[in-house]
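Quick look at my_file_9.cif (mmCIF, C-alpha atoms):
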data_structure
#
loop_
_atom_site.label_atom_id
_atom_site.label_comp_id
_atom_site.auth_asym_id
_atom_site.auth_seq_id
_atom_site.Cartn_x
_atom_site.Cartn_y
_atom_site.Cartn_z
CA MET A 12 57.60 83.54 134.07
CA ASP A 13 57.56 84.55 137.81
CA PHE A 14 60.61 82.42 138.39
CA PHE A 15 62.36 84.23 135.54
CA SER A 16 61.52 87.71 136.71
CA GLU A 17 62.49 86.93 140.30
CA HIS A 18 65.94 85.72 139.30
CA LYS A 19 66.45 88.20 136.47
CA LYS A 20 69.87 89.37 137.59
CA MET A 21 71.08 85.81 138.09
CA PHE A 22 70.03 84.91 134.55
CA ILE A 23 71.84 87.87 133.00
CA ILE A 24 75.00 87.17 135.00
CA VAL A 25 74.88 83.47 134.10
CA GLY A 26 74.39 84.45 130.43
CA VAL A 27 77.38 86.78 130.48
CA LEU A 28 79.57 84.15 132.15
CA LEU A 29 78.38 81.55 129.66
CA CYS A 30 79.39 83.82 126.76
CA ALA A 31 82.79 84.42 128.32
CA ALA A 32 83.29 80.68 128.78
CA LEU A 33 82.24 80.03 125.19
CA MET A 34 84.69 82.65 123.92
CA ALA A 35 87.53 81.19 125.98
CA TYR A 36 86.63 77.69 124.85
CA SER A 37 86.48 78.61 121.18
CA VAL A 38 89.76 80.52 121.34
CA TYR A 39 91.69 77.65 122.92
CA TYR A 40 90.02 74.39 121.92
CA ARG A 41 87.83 74.84 118.91
CA LYS A 42 89.92 73.91 115.86
CA GLN A 43 87.10 72.65 113.65
CA PRO A 44 83.47 73.81 113.30
CA THR A 45 81.14 71.71 115.41
CA LEU A 46 78.35 69.52 114.10
CA LEU A 47 75.77 72.21 114.91
CA GLU A 48 77.61 74.84 112.91
CA ASN A 49 77.93 72.48 109.98
CA ALA A 50 74.20 71.87 110.08
CA LEU A 51 73.50 75.62 110.14
CA ALA A 52 75.76 76.24 107.20
CA TYR A 53 74.17 73.33 105.39
CA ALA A 54 70.78 75.03 105.78
CA ALA A 55 71.92 78.54 104.85
CA ASN A 56 74.44 77.90 102.07
CA PRO A 57 72.03 77.09 99.20
CA ALA A 58 70.09 80.31 99.85
CA GLN A 59 73.29 82.30 100.07
CA LYS A 60 74.48 80.78 96.81
CA PHE A 61 71.18 81.65 95.15
CA LEU A 62 71.06 85.24 96.44
CA GLY A 63 74.73 85.77 95.71
CA GLY A 64 74.01 84.60 92.17
CA ILE A 65 71.14 87.08 91.84
CA THR A 66 73.14 90.06 93.06
CA GLY A 67 76.03 89.06 90.81
CA TYR A 68 73.71 88.75 87.82
CA ALA A 69 71.97 92.08 88.48
CA GLY A 70 75.30 93.84 88.98
CA ASP A 71 76.60 92.39 85.69
CA LYS A 72 73.51 93.59 83.81
CA ILE A 73 73.69 97.10 85.26
CA ASN A 74 77.37 97.36 84.48
CA PHE A 75 76.77 96.07 80.95
CA TYR A 76 74.37 98.88 80.05
CA ARG A 77 76.45 101.46 81.83
CA ASP A 78 79.61 100.52 79.96
CA MET A 79 78.07 100.23 76.45
CA GLY A 80 78.91 103.79 75.43
CA ALA A 81 82.51 103.67 76.43
CA ALA A 82 82.94 100.22 74.88
CA ALA A 83 83.88 101.31 71.34
CA GLU A 84 86.56 103.67 72.48
CA GLU A 85 87.80 101.16 74.97
CA ASN A 86 87.97 98.58 72.19
CA LYS A 87 90.37 100.79 70.23
CA GLU A 88 92.53 101.31 73.26
CA LEU A 89 92.48 97.62 74.07
CA ARG A 90 93.57 96.69 70.55
CA ALA A 91 96.56 98.97 70.85
CA GLU A 92 97.32 97.52 74.22
CA LEU A 93 96.92 93.99 72.89
CA ASP A 94 99.62 94.64 70.30
CA LYS A 95 101.87 95.98 72.98
CA LEU A 96 101.19 93.04 75.23
CA ARG A 97 101.81 90.53 72.43
CA ARG A 98 105.25 92.00 71.94
CA GLU A 99 105.83 91.97 75.65
CA ASN A 100 104.57 88.41 75.88
CA GLU A 101 107.13 87.32 73.30
CA ARG A 102 109.83 88.90 75.40
CA LEU A 103 108.49 87.32 78.59
CA LYS A 104 108.34 83.90 76.98
CA GLN A 105 112.02 84.13 76.31
CA ALA A 106 112.58 85.32 79.84
CA GLU A 107 110.51 82.45 81.19
CA ALA A 108 112.45 79.90 79.19
CA GLU A 109 115.61 81.34 80.60
CA ASN A 110 114.10 81.34 84.07
CA ILE A 111 113.14 77.68 83.84
CA ARG A 112 116.64 76.84 82.72
CA LEU A 113 118.15 78.72 85.63
CA ASN A 114 115.64 77.28 88.09
CA THR A 115 116.43 73.71 87.19
CA LEU A 116 120.06 74.67 87.33
CA PHE A 117 119.74 75.80 90.93
CA GLU A 118 117.00 73.33 91.85
CA THR A 119 114.74 76.07 93.16
CA SER A 120 111.63 75.24 91.23
CA ARG A 121 109.75 75.11 94.53
CA LYS A 122 106.92 77.35 93.38
CA TYR A 123 103.27 77.44 94.22
CA SER A 124 102.29 76.79 90.62
CA ASP A 125 103.39 73.21 91.14
CA TYR A 126 100.80 72.59 93.84
CA PRO A 127 97.28 71.37 93.13
CA LEU A 128 94.77 74.24 93.00
CA VAL A 129 91.03 74.14 93.66
CA ALA A 130 88.72 76.83 92.28
CA VAL A 131 86.12 78.07 94.78
CA THR A 132 83.39 80.71 94.56
CA ILE A 133 82.50 83.27 97.21
CA ILE A 134 78.92 82.72 98.38
CA ALA A 135 78.68 85.11 101.34
CA LYS A 136 80.58 87.86 103.07
CA ASP A 137 80.78 88.70 106.76
CA PRO A 138 77.55 90.55 107.66
CA GLY A 139 79.37 93.00 109.95
CA ASN A 140 81.59 95.87 108.93
CA TRP A 141 84.59 95.05 111.07
CA TYR A 142 86.25 92.10 109.39
CA ASP A 143 86.85 90.96 105.87
CA ASN A 144 85.88 87.27 105.76
CA PHE A 145 84.17 85.32 103.04
CA THR A 146 82.37 82.00 102.98
CA VAL A 147 83.30 79.90 99.95
CA ASP A 148 81.45 76.96 98.49
CA LYS A 149 83.91 74.11 99.08
CA GLY A 150 85.07 72.51 102.29
CA SER A 151 86.74 69.49 103.80
CA ARG A 152 84.76 67.18 101.53
CA ASP A 153 86.73 68.62 98.59
CA GLY A 154 90.01 68.18 100.44
CA LEU A 155 90.33 71.70 101.83
CA ALA A 156 91.68 72.29 105.33
CA GLY A 157 92.50 75.16 107.62
CA ASN A 158 95.58 77.32 106.87
CA MET A 159 95.64 76.61 103.14
CA PRO A 160 96.73 79.71 101.16
CA VAL A 161 94.14 81.33 98.88
CA ILE A 162 95.15 83.16 95.70
CA ALA A 163 93.38 84.97 92.86
CA SER A 164 94.52 86.71 89.68
CA GLY A 165 98.14 85.96 90.45
CA GLY A 166 98.22 87.43 93.93
CA LEU A 167 97.72 86.39 97.52
CA VAL A 168 94.15 86.75 98.85
CA GLY A 169 94.48 85.21 102.29
CA ARG A 170 94.06 81.88 103.94
CA VAL A 171 91.38 79.38 104.87
CA ILE A 172 90.63 79.87 108.56
CA GLU A 173 88.07 77.13 109.03
CA CYS A 174 86.65 74.25 107.09
CA GLY A 175 83.21 72.74 107.43
CA GLY A 176 81.87 69.88 105.34
CA GLY A 177 80.69 71.89 102.32
CA TYR A 178 81.92 75.37 103.09
CA SER A 179 84.99 77.14 104.38
CA LYS A 180 85.73 80.55 105.78
CA VAL A 181 88.48 82.59 104.15
CA ARG A 182 90.10 85.63 105.74
CA SER A 183 91.78 88.14 103.43
CA ILE A 184 95.19 89.73 104.00
CA ILE A 185 93.66 93.22 104.23
CA ASP A 186 91.80 92.10 107.37
CA ASP A 187 93.12 93.67 110.57
CA SER A 188 93.80 90.36 112.24
CA MET A 189 96.10 89.03 109.50
CA ALA A 190 99.87 89.25 109.24
CA VAL A 191 102.00 87.80 106.46
CA SER A 192 105.77 87.55 106.47
CA ALA A 193 106.90 89.20 103.23
CA LYS A 194 109.99 90.38 101.39
CA SER A 195 110.86 92.68 98.55
CA VAL A 196 111.98 90.83 95.44
CA ARG A 197 114.61 93.37 94.40
CA THR A 198 116.39 93.80 97.72
CA ASP A 199 115.32 90.74 99.77
CA ASP A 200 114.38 93.00 102.71
CA LEU A 201 111.92 91.38 105.09
CA GLY A 202 108.80 92.84 106.64
CA ILE A 203 105.33 91.92 107.81
CA VAL A 204 102.30 92.75 105.68
CA LYS A 205 99.32 93.61 107.86
CA GLY A 206 95.76 94.62 107.11
CA ASP A 207 94.76 98.05 108.35
CA MET A 208 91.24 99.38 108.62
CA LYS A 209 92.50 102.86 107.83
CA LEU A 210 93.91 101.74 104.48
CA ARG A 211 91.33 99.07 103.66
CA GLY A 212 88.89 101.62 102.27
CA ASP A 213 91.37 102.47 99.52
CA GLY A 214 92.16 98.78 98.96
CA LEU A 215 95.64 99.10 100.44
CA CYS A 216 97.51 97.35 103.24
CA ARG A 217 100.58 98.06 105.32
CA MET A 218 104.06 96.51 105.54
CA ASP A 219 105.62 96.87 108.98
CA ARG A 220 108.98 96.18 110.58
CA ILE A 221 111.15 96.81 107.56
CA ASP A 222 114.76 97.40 108.52
CA VAL A 223 115.45 101.13 108.72
CA HIS A 224 118.45 100.74 106.39
CA ALA A 225 116.48 98.81 103.76
CA ASP A 226 116.45 100.52 100.37
CA ILE A 227 112.91 99.60 99.36
CA ILE A 228 111.44 102.27 97.07
CA ALA A 229 107.98 102.93 95.65
CA GLY A 230 107.17 100.41 92.93
CA ASP A 231 109.09 97.51 94.42
CA GLU A 232 107.42 94.12 94.18
CA ILE A 233 106.49 92.45 97.48
CA VAL A 234 106.12 88.66 97.71
CA THR A 235 105.64 86.17 100.56
CA SER A 236 108.89 85.24 102.26
CA ASN A 237 110.24 81.84 103.16
CA LEU A 238 109.85 82.54 106.88
CA GLY A 239 106.08 82.15 107.03
CA ASN A 240 104.43 79.11 108.49
CA ILE A 241 101.38 79.20 106.23
CA TYR A 242 102.31 80.58 102.82
CA PRO A 243 104.86 79.16 100.41
CA GLU A 244 107.64 81.44 99.23
CA GLY A 245 107.19 83.72 96.23
CA ILE A 246 103.44 84.42 96.00
CA LYS A 247 103.05 88.02 94.88
CA ILE A 248 101.29 90.32 97.35
CA GLY A 249 101.54 93.71 95.68
CA ASP A 250 103.69 96.75 94.96
CA VAL A 251 104.99 99.41 97.29
CA GLU A 252 103.10 102.72 97.04
CA THR A 253 104.82 104.83 99.66
CA ILE A 254 107.46 104.17 102.29
CA ASP A 255 108.26 106.15 105.45
CA VAL A 256 110.36 105.80 108.54
CA SER A 257 107.94 104.91 111.34
CA ALA A 258 107.33 107.21 114.30
CA ASP A 259 109.88 105.54 116.58
CA GLY A 260 112.63 105.88 113.97
CA LEU A 261 113.69 102.23 114.30
CA THR A 262 111.84 100.66 111.38
CA LYS A 263 110.23 101.63 108.10
CA THR A 264 106.58 101.22 107.20
CA ALA A 265 105.35 100.91 103.64
CA THR A 266 101.88 101.01 102.15
CA ILE A 267 101.28 98.20 99.69
CA ARG A 268 98.81 98.11 96.81
CA PRO A 269 97.77 94.45 96.53
CA VAL A 270 97.57 92.92 93.04
CA VAL A 271 94.20 91.46 93.98
CA ASP A 272 91.23 93.82 93.78
CA PHE A 273 89.47 92.90 97.03
CA GLY A 274 86.30 94.76 96.09
CA ARG A 275 85.58 92.54 93.11
CA LEU A 276 86.56 89.07 94.18
CA GLU A 277 84.41 86.24 92.94
CA THR A 278 86.38 83.13 92.08
CA LEU A 279 89.41 82.18 94.14
CA LEU A 280 92.00 79.43 93.98
CA VAL A 281 92.90 77.46 97.07
CA VAL A 282 96.36 75.89 97.12
CA LYS A 283 95.61 72.38 98.31
CA GLN A 284 98.69 71.93 100.39
CA ASN A 285 99.43 72.63 104.02
CA PHE A 286 102.72 74.47 104.34
CA SER A 287 102.81 74.41 108.12
CA LYS A 288 106.35 73.65 109.17
CA GLU A 289 105.22 72.06 112.44
CA GLU A 290 103.36 69.46 110.43
CA LEU A 291 106.42 68.83 108.31
CA TYR A 292 108.50 68.26 111.42
CA LYS A 293 105.83 65.98 112.80
CA ASP A 294 105.92 63.94 109.63
CA ALA A 295 109.67 63.73 109.74
CA GLU A 296 109.56 62.31 113.22
CA MET B 19 55.99 77.80 116.96
CA ARG B 20 57.50 81.06 118.23
CA VAL B 21 60.97 79.51 118.34
CA THR B 22 60.71 78.10 114.83
CA VAL B 23 59.40 81.32 113.29
CA PHE B 24 62.07 83.51 114.82
CA PHE B 25 64.85 80.98 114.20
CA VAL B 26 63.97 80.98 110.51
CA LEU B 27 63.77 84.79 110.59
CA ILE B 28 67.29 85.07 112.01
CA ILE B 29 68.69 82.69 109.40
CA ILE B 30 66.93 84.53 106.55
CA ASN B 31 68.17 87.87 107.87
CA LEU B 32 71.77 86.68 108.16
CA THR B 33 71.61 85.25 104.66
CA LEU B 34 70.32 88.55 103.27
CA GLN B 35 72.83 90.49 105.30
CA SER B 36 75.77 88.46 104.02
CA THR B 37 74.73 88.62 100.36
CA ILE B 38 72.39 91.40 99.25
CA LEU B 39 73.00 93.98 101.97
CA ARG B 40 76.77 93.65 101.48
CA SER B 41 76.34 94.64 97.83
CA VAL B 42 74.41 97.84 98.65
CA SER B 43 77.10 99.12 100.97
CA VAL B 44 77.90 102.84 101.01
CA PHE B 45 81.59 103.70 101.53
CA GLY B 46 82.11 100.03 102.38
CA ILE B 47 79.58 100.18 105.21
CA SER B 48 76.42 98.12 105.16
CA PRO B 49 73.53 98.18 107.65
CA ASP B 50 73.32 95.66 110.47
CA THR B 51 69.70 94.55 110.48
CA GLN B 52 70.30 91.83 113.06
CA ILE B 53 70.73 94.37 115.86
CA LEU B 54 67.53 96.08 114.71
CA ILE B 55 65.67 92.77 114.89
CA ILE B 56 66.97 92.06 118.41
CA VAL B 57 65.98 95.55 119.56
CA SER B 58 62.51 95.29 117.98
CA TYR B 59 61.88 91.87 119.48
CA ALA B 60 62.97 92.99 122.94
CA ILE B 61 60.71 96.07 122.78
CA LEU B 62 57.75 93.81 122.00
CA ARG B 63 58.46 91.03 124.48
CA GLY B 64 60.34 92.51 127.46
CA ASP B 65 63.84 92.28 128.85
CA MET B 66 64.19 88.58 129.70
CA GLU B 67 62.85 87.28 126.41
CA GLY B 68 64.83 89.98 124.61
CA ALA B 69 68.02 88.81 126.31
CA VAL B 70 67.36 85.16 125.43
CA PHE B 71 66.50 86.08 121.83
CA GLY B 72 69.59 88.30 121.52
CA PHE B 73 71.79 85.56 122.92
CA PHE B 74 70.63 82.95 120.43
CA ALA B 75 70.60 85.35 117.47
CA GLY B 76 74.18 86.32 118.30
CA LEU B 77 75.18 82.70 118.81
CA ILE B 78 73.89 81.74 115.35
CA ARG B 79 75.80 84.65 113.81
CA ASP B 80 78.96 83.59 115.65
CA MET B 81 78.60 80.06 114.42
CA MET B 82 77.98 81.06 110.82
CA PHE B 83 80.55 83.79 110.31
CA CYS B 84 83.06 84.18 113.12
CA THR B 85 85.93 82.15 114.47
CA VAL B 86 85.47 83.05 118.13
CA ILE B 87 82.10 81.88 119.43
CA GLY B 88 80.38 84.12 121.96
CA GLU B 89 81.22 87.69 120.98
CA TYR B 90 77.97 88.45 119.22
CA ALA B 91 76.09 86.23 121.66
CA LEU B 92 77.29 88.33 124.61
CA LEU B 93 76.53 91.63 122.87
CA GLY B 94 73.17 90.35 121.63
CA LEU B 95 72.23 89.31 125.15
CA LEU B 96 73.06 92.71 126.63
CA THR B 97 71.42 94.58 123.74
CA GLY B 98 68.21 92.54 124.05
CA PHE B 99 68.14 92.99 127.81
CA LEU B 100 68.57 96.77 127.66
CA ALA B 101 66.11 97.19 124.78
CA GLY B 102 63.44 95.31 126.78
CA LYS B 103 63.76 97.55 129.83
CA PRO B 104 61.07 100.15 128.91
CA PHE B 105 58.70 97.33 127.89
CA ARG B 106 56.00 98.16 130.48
CA ASN B 107 55.97 101.92 130.00
CA PHE B 108 55.31 102.31 126.27
CA PHE B 109 52.73 101.43 123.68
CA ARG B 110 53.82 98.96 121.05
CA GLU B 111 52.47 101.15 118.26
CA ASN B 112 54.89 103.90 119.23
CA ASP B 113 57.42 104.37 116.41
CA PHE B 114 59.79 106.77 118.11
CA LEU B 115 60.94 104.33 120.80
CA PRO B 116 62.37 101.68 118.42
CA LEU B 117 64.03 104.44 116.39
CA PHE B 118 65.69 105.95 119.46
CA LEU B 119 66.63 102.61 121.06
CA ALA B 120 67.98 101.25 117.78
CA GLY B 121 70.29 104.25 117.44
CA VAL B 122 71.57 104.21 121.01
CA LEU B 123 71.90 100.44 121.35
CA MET B 124 73.54 100.09 117.95
CA ILE B 125 76.28 102.48 119.03
CA MET B 126 76.64 100.58 122.32
CA HIS B 127 76.70 97.21 120.53
CA GLU B 128 79.37 98.30 118.07
CA CYS B 129 81.47 100.01 120.77
CA GLY B 130 81.26 96.75 122.69
CA TYR B 131 82.40 94.85 119.62
CA TYR B 132 85.28 97.28 119.11
CA PHE B 133 86.26 96.73 122.72
CA LEU B 134 86.13 92.92 122.44
CA THR B 135 88.13 92.71 119.21
CA TYR B 136 90.08 95.72 117.99
CA LEU B 137 90.96 97.27 121.35
CA LEU B 138 92.16 93.95 122.75
CA GLN B 139 94.30 93.58 119.60
CA GLY B 140 96.02 96.84 120.49
CA GLU B 141 94.21 99.24 118.13
CA THR B 142 93.64 102.12 120.53
CA ASP B 143 92.52 104.79 118.08
CA PHE B 144 88.88 104.64 119.18
CA PHE B 145 87.73 107.89 117.58
CA TYR B 146 88.91 106.82 114.15
CA TYR B 147 86.83 103.63 114.31
CA PHE B 148 83.96 105.55 115.87
CA HIS B 149 83.56 107.95 113.00
CA ARG B 150 84.73 105.55 110.29
CA ILE B 151 82.53 102.55 111.15
CA ILE B 152 80.24 102.97 114.13
CA LEU B 153 78.58 106.28 113.19
CA PRO B 154 77.97 105.56 109.47
CA GLU B 155 76.74 102.07 110.27
CA THR B 156 74.32 103.43 112.85
CA ALA B 157 73.10 106.17 110.52
CA TYR B 158 72.54 103.68 107.71
CA SER B 159 70.80 101.16 109.95
CA VAL B 160 68.52 103.65 111.70
CA ILE B 161 66.90 104.38 108.33
CA LEU B 162 65.75 100.76 108.37
CA ALA B 163 64.74 100.77 112.03
CA ILE B 164 61.04 101.58 111.55
CA PRO B 165 60.38 99.19 108.63
CA VAL B 166 62.15 96.39 110.52
CA TYR B 167 60.19 97.20 113.70
CA ARG B 168 56.88 97.18 111.81
CA LEU B 169 57.80 93.82 110.25
CA ILE B 170 58.71 92.25 113.60
CA HIS B 171 55.56 93.78 115.11
CA PHE B 172 53.49 92.16 112.38
CA ILE B 173 55.15 88.74 112.69
CA ASN B 174 54.97 88.87 116.48
CA GLY B 175 51.29 89.83 116.30
CA LYS B 176 50.49 86.81 114.13
CA VAL B 177 52.45 84.50 116.42
CA GLU B 178 50.73 85.88 119.52
CA GLU B 179 47.30 85.49 117.95
CA ARG B 180 48.06 81.88 117.19
CA GLU B 181 49.35 81.29 120.70
CA LYS B 182 46.15 82.77 122.12
CA ARG B 183 44.03 80.49 119.97
CA MET B 184 46.07 77.47 121.05
CA ARG B 185 45.51 78.38 124.68
CA LYS B 186 41.75 78.67 124.15
CA LEU B 187 41.73 75.30 122.46
CA PHE B 188 43.06 73.45 125.48
#
Would it be possible to restate this file's structure as structure tokens?
Amino acid sequence: MDFFSEHKKMFIIVGVLLCAALMAYSVYYRKQPTLLENALAYAANPAQKFLGGITGYAGDKINFYRDMGAAAEENKELRAELDKLRRENERLKQAEAENIRLNTLFETSRKYSDYPLVAVTIIAKDPGNWYDNFTVDKGSRDGLAGNMPVIASGGLVGRVIECGGGYSKVRSIIDDSMAVSAKSVRTDDLGIVKGDMKLRGDGLCRMDRIDVHADIIAGDEIVTSNLGNIYPEGIKIGDVETIDVSADGLTKTATIRPVVDFGRLETLLVVKQNFSKEELYKDAE
Amino acid sequence: MRVTVFFVLIIINLTLQSTILRSVSVFGISPDTQILIIVSYAILRGDMEGAVFGFFAGLIRDMMFCTVIGEYALLGLLTGFLAGKPFRNFFRENDFLPLFLAGVLMIMHECGYYFLTYLLQGETDFFYYFHRIILPETAYSVILAIPVYRLIHFINGKVEEREKRMRKLF
């Protein structure tokens, strides 16, 4: 230990430099998790699955007893709503039939519902409070790969950022480091949906760089645009809550309420298709 | 022996932190027990060992949950090193020191993390993040500081006893 205490400063400096080198290396070169990381995940995942199961089970039980009283009243309301929805469903079926007809007519049936989907379950969340990542229970062995879009309950959740053998990491669109090219369905105005820590607490996110002349209003539906390199066109993101001209007066900024409830995610669907245009070009060559 | 015990402890802690502790979050904030463990270990074993422990604990966390390797390793190393500084001047049974160091170093650790990630992304509103994340997280974690310290003290005591016996044997 004398050697250590004599060269204490050297060791700390070497450690700091080593960390910096690791960070630089992982930013530029590390595209896939290394063998060591895979081994770690292999050791930790079963326990995470088990504990995640326990918390899920306990939460379900607690909610069950809490909701018992309100259940009867809710049942009545739900019946009324069911009737309403049945009627609406009838109407939508007709609309869908018409839509299919028109789609085939214009050959634009390029929709994400045509792509193979894989159901995955969240087994762990990021232990820190800064980012919104999950670990899910399927990985490259099940055919998943980085940059695959992830959806749930009809809306965009995020994308796969990394794939190990039996696990993958998913980052959600309300995370600060994510940006999704999006457009409004009604007016076709483009913008970029970004996560924002200040809105994440309320389950909202932000849409930036909307043209200042765009006539997007509250309630407009926002979907992914065709300009993105990761997401296919037409996946619903959410609805506009408020819209303002941004501080510089050159663009508009909207707050979006995502269709996905990010607080209660459990099962997700991964679209098993890489939409990266670079890859498409590579294939073409 | 020591390495194995504390390696397993880090893994168990990260597993708990990513599953159970995330589901007892208050206002979306959950405690960060890993920093508490690094601080406790460094108080018991001194600055160099604390730095090494912090480095590897952070590295494991980076590998399990992050995309950039080295952020938590760097912060863990510095946290462990600083927490081990008053090693020679205090009794181990003192409860106030871990409480105080956990609070101060937690704020430093999280400010460092803000600097490495959010600030470099261009989010300059430091005070918002300070009172929205760093302060509540510290407050929540400090409640756990003494139980975690006692636990690490207990485990470390057992390990040291065993090490002593091994040394007598040979």
For region 94-107 of chain B, please output as a PyMOL selection string all residues within 9 Å (counting only C-alpha atoms; exclusion window: fewer than 6 positions along the same chain). (chain A and resi 23+26-27) or (chain B and resi 53+56-77+116+119-120+123-124+126-127)
Per residue of chain B within 6 Å of chain A, which atom pair is closest and at what distance in Å (one decimal), using all atoms listed in the file, listed by chain and increasing number, as a tab-separated table?
residue	atom	partner	partner_atom	distance
B:Thr33	CA	A:Gln59	CA	5.7
B:Gln35	CA	A:Pro138	CA	5.3
B:Ser36	CA	A:Pro138	CA	4.6
B:Thr37	CA	A:Ala135	CA	5.4
B:Met81	CA	A:Glu48	CA	5.5
B:Val86	CA	A:Ser37	CA	5.5
B:Ile87	CA	A:Met34	CA	5.2
B:Gly88	CA	A:Cys30	CA	4.9
B:Leu92	CA	A:Cys30	CA	5.4
Which residues, written as a VMD selection string, have at least one atom at most 6 Å from Asp186 (chain A), with all atoms listed in the file counted and residues fewer than 2 positions away on the same chain left out? chain A and resid 142 to 143 183 to 184 188 to 189 206
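The shell of residues at most 8 Å from Arg20 (chain B), with all atoms listed in the file counted and near chain neighbours (fewer than 3 positions) removed, consists of Val23, Phe24 and Val177 of chain B.
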Given the file shown, determine the residues that the PyMOL selection byres ((chain A and resi 166) around 6) selects; report them as number ranges by chain. A: 162-165, 167, 247-248, 270-271
Can those selected residues be exported to a file as a compact mmCIF listing (two decimals), keeping the file's coordinate frame so that it contains C-alpha atoms?
# COMPACT_ATOMS: atom_id res chain seq x y z
CA ILE A 162 95.15 83.16 95.70
CA ALA A 163 93.38 84.97 92.86
CA SER A 164 94.52 86.71 89.68
CA GLY A 165 98.14 85.96 90.45
CA LEU A 167 97.72 86.39 97.52
CA LYS A 247 103.05 88.02 94.88
CA ILE A 248 101.29 90.32 97.35
CA VAL A 270 97.57 92.92 93.04
CA VAL A 271 94.20 91.46 93.98
Could you list, as a PDB file with C-alpha atoms, keeping the file's coordinate frame, every residue within 7 Å of Ile152 (chain B), counting only C-alpha atoms and ignoring same-chain residues fewer than 5 positions away?
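After the write, selection_33.pdb holds the following:
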ATOM      1  CA  ILE B 125      76.280 102.480 119.030  1.00  0.00           C
ATOM      2  CA  GLU B 128      79.370  98.300 118.070  1.00  0.00           C
ATOM      3  CA  TYR B 147      86.830 103.630 114.310  1.00  0.00           C
TER       4      TYR B 147
END
Computed gap from CA of Gly245 (chain A) to CA of Val196 (chain A) is 8.6 Å
One decimal, in Å: what's the spacing between CA of Ile73 (chain A) and CA of Ser43 (chain B)?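 Pair CA of Ile73 (chain A) / CA of Ser43 (chain B) returns 16.2 Å.
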Check the smallest atom-to-atom distance from each of B:Ile38, B:Glu89, B:Asp80, B:Leu32 to Tyr131 (chain B) using all atoms listed in the file, then report the winner. B:Glu89
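Shell of Gly239 (chain A) at 10 Å, with all atoms listed in the file counted and residues fewer than 3 places along the chain excluded, is Ala190, Val191, Ser192, Ala193, Ile203, Thr235, Ser236, Tyr242, Pro243, Glu244, Phe286, Ser287 and Lys288 of chain A.
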Ref. answer, residues at most 12 Å from (114.2, 91.9, 100.3) with only C-alpha atoms, as a list in words: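 Protein, DNA and RNA residues close to (114.2, 91.9, 100.3): Ser192, Ala193, Lys194, Ser195, Val196, Arg197, Thr198, Asp199, Asp200, Leu201, Gly202, Ile203, Ile221, Asp222, His224, Ala225, Asp226, Ile227, Ile228, Asp231, Glu232, Ile233, Val234, Thr235, Ser236, Asn237 and Gly245 of chain A.
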Return as a list of chain:residue names the set of residues that the PyMOL selection byres ((chain B and resi 170) around 10) yields on the displayed structure. B:Phe24, B:Leu27, B:Leu54, B:Ile55, B:Ile56, B:Val57, B:Ser58, B:Tyr59, B:Leu62, B:Ile164, B:Pro165, B:Val166, B:Tyr167, B:Arg168, B:Leu169, B:His171, B:Phe172, B:Ile173, B:Asn174, B:Gly175, B:Lys176
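Between CA of Asp50 (chain B) and CA of Pro154 (chain B) the separation is 11.0 Å.
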Taking the file as I've supplied it (selection: the PyMOL selection byres ((chain B and resi 44) around 12)), which residues are included? Please answer as a PyMOL selection string. (chain A and resi 140+212) or (chain B and resi 39-43+45-49+150-151+154-155+157-159)
Can you fill out region 85-93 of chain A with N, CA and C atoms and hand it back as a PDB file, in the coordinates of the input?
ATOM      1  N   GLU A  85      86.965 102.067  74.186  1.00  0.00           N
ATOM      2  CA  GLU A  85      87.800 101.160  74.970  1.00  0.00           C
ATOM      3  C   GLU A  85      88.368 100.072  74.069  1.00  0.00           C
ATOM      4  N   ASN A  86      87.551  99.626  73.105  1.00  0.00           N
ATOM      5  CA  ASN A  86      87.970  98.580  72.190  1.00  0.00           C
ATOM      6  C   ASN A  86      89.232  99.011  71.443  1.00  0.00           C
ATOM      7  N   LYS A  87      89.216 100.262  70.963  1.00  0.00           N
ATOM      8  CA  LYS A  87      90.370 100.790  70.230  1.00  0.00           C
ATOM      9  C   LYS A  87      91.617 100.758  71.115  1.00  0.00           C
ATOM     10  N   GLU A  88      91.402 101.272  72.320  1.00  0.00           N
ATOM     11  CA  GLU A  88      92.530 101.310  73.260  1.00  0.00           C
ATOM     12  C   GLU A  88      93.049  99.911  73.541  1.00  0.00           C
ATOM     13  N   LEU A  89      92.095  98.988  73.706  1.00  0.00           N
ATOM     14  CA  LEU A  89      92.480  97.620  74.070  1.00  0.00           C
ATOM     15  C   LEU A  89      93.258  96.953  72.952  1.00  0.00           C
ATOM     16  N   ARG A  90      92.843  97.264  71.685  1.00  0.00           N
ATOM     17  CA  ARG A  90      93.570  96.690  70.550  1.00  0.00           C
ATOM     18  C   ARG A  90      95.039  97.138  70.568  1.00  0.00           C
ATOM     19  N   ALA A  91      95.199  98.445  70.805  1.00  0.00           N
ATOM     20  CA  ALA A  91      96.560  98.970  70.850  1.00  0.00           C
ATOM     21  C   ALA A  91      97.341  98.288  71.969  1.00  0.00           C
ATOM     22  N   GLU A  92      96.636  98.129  73.087  1.00  0.00           N
ATOM     23  CA  GLU A  92      97.320  97.520  74.220  1.00  0.00           C
ATOM     24  C   GLU A  92      97.639  96.065  73.950  1.00  0.00           C
ATOM     25  N   LEU A  93      96.718  95.399  73.219  1.00  0.00           N
ATOM     26  CA  LEU A  93      96.920  93.990  72.890  1.00  0.00           C
ATOM     27  C   LEU A  93      98.212  93.820  72.092  1.00  0.00           C
TER      28      LEU A  93
END
